[in-house]
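Asks: What follows is a structure written as structure tokens; I'll ask about it next.
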Amino acid sequence: MSNAKNTVLQAATALFGDKDPSAVDRWVAADYKQHSSLAADGPEALRGLVAGLGADFRYEGARVIADGDLVALHGTYHGFGPDPLVGFDIFRVDADGRLAEHWDALTPQVEDTVSGRSQTDGPAEISDTDRTDANRALVTEFAEKVLVGADYSVLTDYMSTETYHQHNTEAADGLDGFGAAAAKWAEQGKNLVYKTVHKVIAEGDFVLTQSEGEFGVPVAYYDLFRLADGRIVEHWDVIAPVPAELPHGNGLF
């Protein structure tokens, strides 16, 4: 396990598992930079958030991906509101082993999905670590050509035509399922528009992209891909509207 991954897991357990505000002193940098819409900048705002967590709050982790000083968590928050929220969190760990920066995106948990798969189930163990660089490169190219460039004629250069497990709540499995969902969204005035890919985080067979775009309204796209044999075979996502105002001046990205 990488040092950054170990740091984030220990810090997250203390902050959101034990709900211990004093853990901020041990795990969070003094210049902690916040991009979430849920908290202001700095460690004291995070301390206040942790201190305000209710007795029914818990975090159910699904996946952890580490790439250099960036660590991404995928899981479900219970008790943040009346309904569970599925989210991605990205932390940057500084040279002193402290949480230095944070980004996130949350969306309501949906019980009945088109594919029958939940927003977080499926493989979680990281494999093919020798293919990390190749998988990062493939998804980066896919994001630029297909997501941002909207060139769907090259889709099968990147995605498997045999296996494509879908966890987006409104799309069925397979490339046909994705196509049908995209057509339905377009009819609703919600075209998939990707403008900028801000981050690509890869470890083994998992690659997470953080992007900015529009889906009827300005949104943050978090797309997690699993790859096998040089092709994308599984997809999880969170599409979160960009709020009009944030409690800090750092932006969502």
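Order determines the names: the first chain of the structure tokens is A, the second B, and so forth; residues in each chain are numbered 1 upward, and ligands are numbered 1 upward as they are shown.
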Please provide as a PDB file with N, CA, C and O atoms, in the first residue's frame all residues within 8 Å of range 59-70 of chain A, with the sequence filter that same-chain residues fewer than 5 positions apart are discarded (counting only C-alpha atoms).

Replies:
```pdb
ATOM      1  N   SER A   2       0.554   2.221  -0.846  1.00  0.00           N
ATOM      2  CA  SER A   2       1.347   3.443  -0.906  1.00  0.00           C
ATOM      3  C   SER A   2       1.195   4.241   0.383  1.00  0.00           C
ATOM      4  O   SER A   2       0.207   4.111   1.110  1.00  0.00           O
ATOM      5  N   ALA A   4       0.662   7.421   0.603  1.00  0.00           N
ATOM      6  CA  ALA A   4      -0.465   8.347   0.466  1.00  0.00           C
ATOM      7  C   ALA A   4      -1.787   7.630   0.723  1.00  0.00           C
ATOM      8  O   ALA A   4      -2.668   8.163   1.422  1.00  0.00           O
ATOM      9  N   LYS A   5      -1.928   6.430   0.182  1.00  0.00           N
ATOM     10  CA  LYS A   5      -3.169   5.672   0.391  1.00  0.00           C
ATOM     11  C   LYS A   5      -3.348   5.338   1.866  1.00  0.00           C
ATOM     12  O   LYS A   5      -4.446   5.482   2.423  1.00  0.00           O
ATOM     13  N   PHE A  16     -14.078  10.317   9.790  1.00  0.00           N
ATOM     14  CA  PHE A  16     -15.445   9.981   9.406  1.00  0.00           C
ATOM     15  C   PHE A  16     -15.926   8.646   9.953  1.00  0.00           C
ATOM     16  O   PHE A  16     -17.108   8.346   9.894  1.00  0.00           O
ATOM     17  N   GLY A  17     -14.987   7.841  10.463  1.00  0.00           N
ATOM     18  CA  GLY A  17     -15.372   6.601  11.137  1.00  0.00           C
ATOM     19  C   GLY A  17     -15.529   6.832  12.625  1.00  0.00           C
ATOM     20  O   GLY A  17     -16.590   6.614  13.204  1.00  0.00           O
ATOM     21  N   GLY A  75     -17.454   5.618  -2.487  1.00  0.00           N
ATOM     22  CA  GLY A  75     -18.263   4.978  -1.463  1.00  0.00           C
ATOM     23  C   GLY A  75     -19.573   5.698  -1.226  1.00  0.00           C
ATOM     24  O   GLY A  75     -19.986   6.560  -2.013  1.00  0.00           O
ATOM     25  N   THR A  76     -20.234   5.344  -0.124  1.00  0.00           N
ATOM     26  CA  THR A  76     -21.572   5.855   0.185  1.00  0.00           C
ATOM     27  C   THR A  76     -21.592   6.473   1.574  1.00  0.00           C
ATOM     28  O   THR A  76     -21.127   5.861   2.548  1.00  0.00           O
ATOM     29  N   TYR A  77     -22.126   7.678   1.642  1.00  0.00           N
ATOM     30  CA  TYR A  77     -22.297   8.375   2.915  1.00  0.00           C
ATOM     31  C   TYR A  77     -23.731   8.175   3.406  1.00  0.00           C
ATOM     32  O   TYR A  77     -24.685   8.466   2.691  1.00  0.00           O
ATOM     33  N   HIS A  78     -23.854   7.710   4.632  1.00  0.00           N
ATOM     34  CA  HIS A  78     -25.156   7.562   5.276  1.00  0.00           C
ATOM     35  C   HIS A  78     -25.245   8.570   6.417  1.00  0.00           C
ATOM     36  O   HIS A  78     -24.322   8.676   7.231  1.00  0.00           O
ATOM     37  N   ILE A  90     -11.444  13.020  -3.632  1.00  0.00           N
ATOM     38  CA  ILE A  90     -10.031  13.002  -4.012  1.00  0.00           C
ATOM     39  C   ILE A  90      -9.267  13.833  -2.994  1.00  0.00           C
ATOM     40  O   ILE A  90      -9.638  14.974  -2.698  1.00  0.00           O
ATOM     41  N   PHE A  91      -8.211  13.247  -2.448  1.00  0.00           N
ATOM     42  CA  PHE A  91      -7.340  13.956  -1.510  1.00  0.00           C
ATOM     43  C   PHE A  91      -5.934  14.045  -2.094  1.00  0.00           C
ATOM     44  O   PHE A  91      -5.442  13.083  -2.690  1.00  0.00           O
ATOM     45  N   ARG A  92      -5.300  15.188  -1.894  1.00  0.00           N
ATOM     46  CA  ARG A  92      -3.876  15.320  -2.176  1.00  0.00           C
ATOM     47  C   ARG A  92      -3.130  15.285  -0.852  1.00  0.00           C
ATOM     48  O   ARG A  92      -3.494  15.998   0.097  1.00  0.00           O
ATOM     49  N   VAL A  93      -2.114  14.426  -0.790  1.00  0.00           N
ATOM     50  CA  VAL A  93      -1.321  14.270   0.418  1.00  0.00           C
ATOM     51  C   VAL A  93       0.007  14.990   0.224  1.00  0.00           C
ATOM     52  O   VAL A  93       0.684  14.799  -0.800  1.00  0.00           O
ATOM     53  N   ASP A  94       0.401  15.833   1.191  1.00  0.00           N
ATOM     54  CA  ASP A  94       1.645  16.592   1.034  1.00  0.00           C
ATOM     55  C   ASP A  94       2.859  15.774   1.464  1.00  0.00           C
ATOM     56  O   ASP A  94       2.738  14.616   1.893  1.00  0.00           O
ATOM     57  N   THR A 120     -22.240   1.322  -6.624  1.00  0.00           N
ATOM     58  CA  THR A 120     -20.922   1.033  -6.049  1.00  0.00           C
ATOM     59  C   THR A 120     -20.516  -0.437  -6.096  1.00  0.00           C
ATOM     60  O   THR A 120     -19.379  -0.763  -5.742  1.00  0.00           O
ATOM     61  N   ASP A 121     -21.411  -1.352  -6.497  1.00  0.00           N
ATOM     62  CA  ASP A 121     -21.029  -2.762  -6.460  1.00  0.00           C
ATOM     63  C   ASP A 121     -20.075  -3.103  -7.602  1.00  0.00           C
ATOM     64  O   ASP A 121     -19.740  -2.258  -8.430  1.00  0.00           O
ATOM     65  N   ALA A 124     -13.563  -4.584  -6.710  1.00  0.00           N
ATOM     66  CA  ALA A 124     -12.943  -3.504  -5.940  1.00  0.00           C
ATOM     67  C   ALA A 124     -11.437  -3.692  -5.796  1.00  0.00           C
ATOM     68  O   ALA A 124     -10.709  -2.715  -5.630  1.00  0.00           O
ATOM     69  N   GLU A 125     -10.985  -4.945  -5.847  1.00  0.00           N
ATOM     70  CA  GLU A 125      -9.554  -5.203  -5.688  1.00  0.00           C
ATOM     71  C   GLU A 125      -8.795  -4.753  -6.932  1.00  0.00           C
ATOM     72  O   GLU A 125      -9.194  -5.034  -8.062  1.00  0.00           O
ATOM     73  N   ILE A 201      -6.672   9.796 -12.614  1.00  0.00           N
ATOM     74  CA  ILE A 201      -6.029   9.094 -11.494  1.00  0.00           C
ATOM     75  C   ILE A 201      -6.096   7.598 -11.775  1.00  0.00           C
ATOM     76  O   ILE A 201      -7.194   7.042 -11.936  1.00  0.00           O
ATOM     77  N   ALA A 202      -4.949   6.948 -11.844  1.00  0.00           N
ATOM     78  CA  ALA A 202      -4.911   5.543 -12.266  1.00  0.00           C
ATOM     79  C   ALA A 202      -4.117   4.694 -11.283  1.00  0.00           C
ATOM     80  O   ALA A 202      -3.073   5.100 -10.778  1.00  0.00           O
ATOM     81  N   GLU A 203      -4.635   3.494 -11.048  1.00  0.00           N
ATOM     82  CA  GLU A 203      -3.899   2.456 -10.327  1.00  0.00           C
ATOM     83  C   GLU A 203      -4.365   1.112 -10.857  1.00  0.00           C
ATOM     84  O   GLU A 203      -5.527   0.737 -10.710  1.00  0.00           O
ATOM     85  N   PHE A 206      -7.932   0.277 -12.649  1.00  0.00           N
ATOM     86  CA  PHE A 206      -8.915   1.326 -12.394  1.00  0.00           C
ATOM     87  C   PHE A 206      -8.357   2.699 -12.779  1.00  0.00           C
ATOM     88  O   PHE A 206      -7.215   3.026 -12.452  1.00  0.00           O
TER      89      PHE A 206
END
```

Asks: Do you have, as JSON lines, the list of residues of range 55-137 of chain A lying at most 10 Å from range 169-177 of chain A, each with its nearest atom pair and that distance in Å to one decimal, counting only C-alpha atoms and ordered by chain then number?

Replies:
```
{"residue": "A:Gln109", "atom": "CA", "partner": "A:Thr169", "partner_atom": "CA", "distance": 9.1}
{"residue": "A:Val110", "atom": "CA", "partner": "A:Thr169", "partner_atom": "CA", "distance": 6.9}
{"residue": "A:Glu111", "atom": "CA", "partner": "A:Thr169", "partner_atom": "CA", "distance": 8.8}
{"residue": "A:Asp112", "atom": "CA", "partner": "A:Thr169", "partner_atom": "CA", "distance": 7.6}
{"residue": "A:Thr113", "atom": "CA", "partner": "A:Thr169", "partner_atom": "CA", "distance": 4.5}
{"residue": "A:Val114", "atom": "CA", "partner": "A:Glu170", "partner_atom": "CA", "distance": 5.3}
{"residue": "A:Ser115", "atom": "CA", "partner": "A:Ala172", "partner_atom": "CA", "distance": 4.3}
{"residue": "A:Gly116", "atom": "CA", "partner": "A:Ala172", "partner_atom": "CA", "distance": 8.1}
{"residue": "A:Arg117", "atom": "CA", "partner": "A:Thr169", "partner_atom": "CA", "distance": 8.0}
{"residue": "A:Ser118", "atom": "CA", "partner": "A:Thr169", "partner_atom": "CA", "distance": 7.5}
{"residue": "A:Gln119", "atom": "CA", "partner": "A:Thr169", "partner_atom": "CA", "distance": 6.9}
```

Asks: I'd like the neighbourhood of Asn250 in chain A as a list in words, where a residue qualifies if any of its atoms comes within 8 Å (using only C-alpha atoms), though same-chain residues fewer than 4 positions away should be ignored.

Replies: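 Counting only the stated atoms, we get Lys33, Gln34 and His35 of chain A.
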
Asks: Restricting the output to C-alpha atoms, write the selected residues as a CSV table (one decimal), in the first residue's frame.

Replies:
```
chain,number,residue,atom,x,y,z
A,33,LYS,CA,-7.4,23.7,0.6
A,34,GLN,CA,-11.0,22.8,0.1
A,35,HIS,CA,-12.9,22.4,-3.2
```

Asks: Can you work out which one of A:Leu147, A:Ala39, A:Ala240, A:Ile232 has the shortest atom-to-atom distance to Thr196 in chain A, counting only C-alpha atoms?

Replies: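 Of all the options, A:Leu147 lies closest to Thr196 in chain A.
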
Asks: For the atom pair CA of Leu224 in chain A and CA of Phe253 in chain A, what is the interatomic distance in Å to one decimal place?

Replies: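 About the pair CA of Leu224 in chain A and CA of Phe253 in chain A: they are 16.7 Å apart.
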
Asks: What lies within 9 Å of Ala228 in chain A using only C-alpha atoms, ignoring chain neighbours under 2 positions off, as an NGL selection string?

Replies: :A and (128 or 160 or 205 or 226 or 230-233)

Asks: Store the residues of this selection in a file with N, CA, C and O atoms, as an mmCIF file, in the first residue's frame.

Replies:
```cif
data_model
loop_
_atom_site.group_PDB
_atom_site.id
_atom_site.type_symbol
_atom_site.label_atom_id
_atom_site.label_comp_id
_atom_site.auth_asym_id
_atom_site.auth_seq_id
_atom_site.Cartn_x
_atom_site.Cartn_y
_atom_site.Cartn_z
ATOM 1 N N ASP A 128 -3.528 -5.923 -12.149
ATOM 2 C CA ASP A 128 -2.810 -5.430 -13.329
ATOM 3 C C ASP A 128 -2.032 -4.141 -13.042
ATOM 4 O O ASP A 128 -2.054 -3.191 -13.841
ATOM 5 N N SER A 160 -14.770 -2.180 -24.704
ATOM 6 C CA SER A 160 -15.008 -3.552 -25.138
ATOM 7 C C SER A 160 -16.391 -3.669 -25.778
ATOM 8 O O SER A 160 -17.368 -3.122 -25.265
ATOM 9 N N ASP A 205 -5.958 -1.622 -12.836
ATOM 10 C CA ASP A 205 -7.040 -1.701 -13.820
ATOM 11 C C ASP A 205 -8.130 -0.645 -13.603
ATOM 12 O O ASP A 205 -9.139 -0.655 -14.307
ATOM 13 N N ARG A 226 -13.019 0.609 -15.254
ATOM 14 C CA ARG A 226 -12.189 -0.583 -15.046
ATOM 15 C C ARG A 226 -11.820 -1.128 -16.406
ATOM 16 O O ARG A 226 -12.678 -1.190 -17.309
ATOM 17 N N GLY A 230 -6.699 -4.047 -22.237
ATOM 18 C CA GLY A 230 -6.591 -2.840 -23.048
ATOM 19 C C GLY A 230 -7.901 -2.232 -23.487
ATOM 20 O O GLY A 230 -7.917 -1.416 -24.425
ATOM 21 N N ARG A 231 -8.993 -2.596 -22.839
ATOM 22 C CA ARG A 231 -10.298 -2.020 -23.176
ATOM 23 C C ARG A 231 -11.071 -1.710 -21.895
ATOM 24 O O ARG A 231 -10.908 -2.379 -20.873
ATOM 25 N N ILE A 232 -11.933 -0.688 -21.957
ATOM 26 C CA ILE A 232 -12.801 -0.349 -20.831
ATOM 27 C C ILE A 232 -13.929 -1.372 -20.763
ATOM 28 O O ILE A 232 -14.630 -1.608 -21.760
ATOM 29 N N VAL A 233 -14.111 -1.997 -19.587
ATOM 30 C CA VAL A 233 -15.130 -3.040 -19.446
ATOM 31 C C VAL A 233 -16.162 -2.725 -18.360
ATOM 32 O O VAL A 233 -17.137 -3.466 -18.207
#
```

Asks: Which residues in range 164-244 of chain A does DSSP call alpha helix (DSSP H)? List them as a list of chain:residue names.

Replies: A:Gly174, A:Leu175, A:Asp176, A:Gly177, A:Phe178, A:Gly179, A:Ala180, A:Ala181, A:Ala182, A:Ala183, A:Lys184, A:Trp185, A:Ala186, A:Glu187

Asks: Which one of A:Leu227, A:Pro218, A:Glu44, A:Asp83 sits closest to Ala134 in chain A if you count only C-alpha atoms?

Replies: A:Leu227

Asks: Got a sec: who's within 6 Å of Gly87 in chain A, counting only C-alpha atoms, leaving out chain neighbours fewer than 2 positions off, as a PyMOL selection string?

Replies: chain A and resi 74-75+105-106

Asks: Which of these, A:Val154, A:Val139, A:Leu85, A:Val217, has the shortest distance to Val238 in chain A once you count only C-alpha atoms?

Replies: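 Closest candidate: A:Leu85.
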
Asks: Out of range 26-78 of chain A, which residues get strand (DSSP E or B) from DSSP, as an NGL selection string?

Replies: :A and (28-34 or 58-67 or 70-78)

Asks: For Pro247 in chain A, work out the shell of residues within 8 Å, counting only C-alpha atoms and skipping chain neighbours fewer than 2 positions away, then give it as a list of chain:residue names.

Replies: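 After dropping sequence-adjacent residues, the list is A:Ser37, A:Leu38, A:Ala39, A:Ala40, A:Asp41, A:Glu245, A:Gly249.
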
Asks: Considering only C-alpha atoms, return as a ChimeraX atom specification whatever protein or nucleic-acid residues lie within 10 Å of range 209-213 of chain A, sequence-local ones (same chain, fewer than 6 positions apart) excluded.

Replies: /A:88,90,103-105,136,139-140,143,147-148,192-202,219-225,237-242,252-253

Asks: The selected residues should be written to file as a PDB file, in the first residue's frame (atoms: C-alpha atoms).

Replies:
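Result file result13.pdb:
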```pdb
ATOM      1  CA  PHE A  88     -16.110  10.300  -4.991  1.00  0.00           C
ATOM      2  CA  ILE A  90     -10.031  13.002  -4.012  1.00  0.00           C
ATOM      3  CA  TRP A 103     -12.268  17.584  -4.087  1.00  0.00           C
ATOM      4  CA  ASP A 104     -15.568  15.676  -4.144  1.00  0.00           C
ATOM      5  CA  ALA A 105     -18.861  15.008  -5.897  1.00  0.00           C
ATOM      6  CA  ARG A 136      -3.937   5.829 -17.764  1.00  0.00           C
ATOM      7  CA  VAL A 139      -8.369   6.534 -20.703  1.00  0.00           C
ATOM      8  CA  THR A 140      -6.724   9.953 -21.150  1.00  0.00           C
ATOM      9  CA  ALA A 143     -11.501  11.227 -22.554  1.00  0.00           C
ATOM     10  CA  LEU A 147     -15.784  12.605 -24.105  1.00  0.00           C
ATOM     11  CA  VAL A 148     -14.440  16.067 -24.952  1.00  0.00           C
ATOM     12  CA  LEU A 192     -23.360  14.873 -22.479  1.00  0.00           C
ATOM     13  CA  VAL A 193     -20.966  17.780 -22.899  1.00  0.00           C
ATOM     14  CA  TYR A 194     -17.434  17.428 -21.557  1.00  0.00           C
ATOM     15  CA  LYS A 195     -15.381  20.616 -21.752  1.00  0.00           C
ATOM     16  CA  THR A 196     -12.249  19.991 -19.676  1.00  0.00           C
ATOM     17  CA  VAL A 197     -10.674  16.903 -18.130  1.00  0.00           C
ATOM     18  CA  HIS A 198      -9.028  18.139 -14.931  1.00  0.00           C
ATOM     19  CA  LYS A 199      -7.600  14.929 -13.450  1.00  0.00           C
ATOM     20  CA  VAL A 200      -6.824  11.355 -14.468  1.00  0.00           C
ATOM     21  CA  ILE A 201      -6.029   9.094 -11.494  1.00  0.00           C
ATOM     22  CA  ALA A 202      -4.911   5.543 -12.266  1.00  0.00           C
ATOM     23  CA  VAL A 219     -21.797  19.796 -13.865  1.00  0.00           C
ATOM     24  CA  ALA A 220     -18.791  17.987 -12.478  1.00  0.00           C
ATOM     25  CA  TYR A 221     -18.315  14.549 -14.025  1.00  0.00           C
ATOM     26  CA  TYR A 222     -16.502  11.868 -12.034  1.00  0.00           C
ATOM     27  CA  ASP A 223     -16.108   8.719 -14.189  1.00  0.00           C
ATOM     28  CA  LEU A 224     -14.442   5.568 -12.875  1.00  0.00           C
ATOM     29  CA  PHE A 225     -13.416   2.982 -15.460  1.00  0.00           C
ATOM     30  CA  ASP A 237     -19.983   7.668 -12.196  1.00  0.00           C
ATOM     31  CA  VAL A 238     -21.258  10.671 -10.298  1.00  0.00           C
ATOM     32  CA  ILE A 239     -22.679  13.655 -12.171  1.00  0.00           C
ATOM     33  CA  ALA A 240     -23.050  16.588  -9.760  1.00  0.00           C
ATOM     34  CA  PRO A 241     -24.444  20.045 -10.597  1.00  0.00           C
ATOM     35  CA  VAL A 242     -22.049  22.942 -10.050  1.00  0.00           C
ATOM     36  CA  LEU A 252     -14.878  22.802  -7.613  1.00  0.00           C
ATOM     37  CA  PHE A 253     -11.898  21.758  -9.728  1.00  0.00           C
TER      38      PHE A 253
END
```

Asks: Would you mind reading off the distance between CA of Ser22 in chain A and CA of Gly52 in chain A, one decimal, in Å?

Replies: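 Going from CA of Ser22 in chain A over to CA of Gly52 in chain A covers 12.9 Å.
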
Asks: From the list A:Gly81, A:His235, A:Thr156, A:Asp89, which residue is nearest Pro123 in chain A when using only C-alpha atoms?

Replies: A:His235
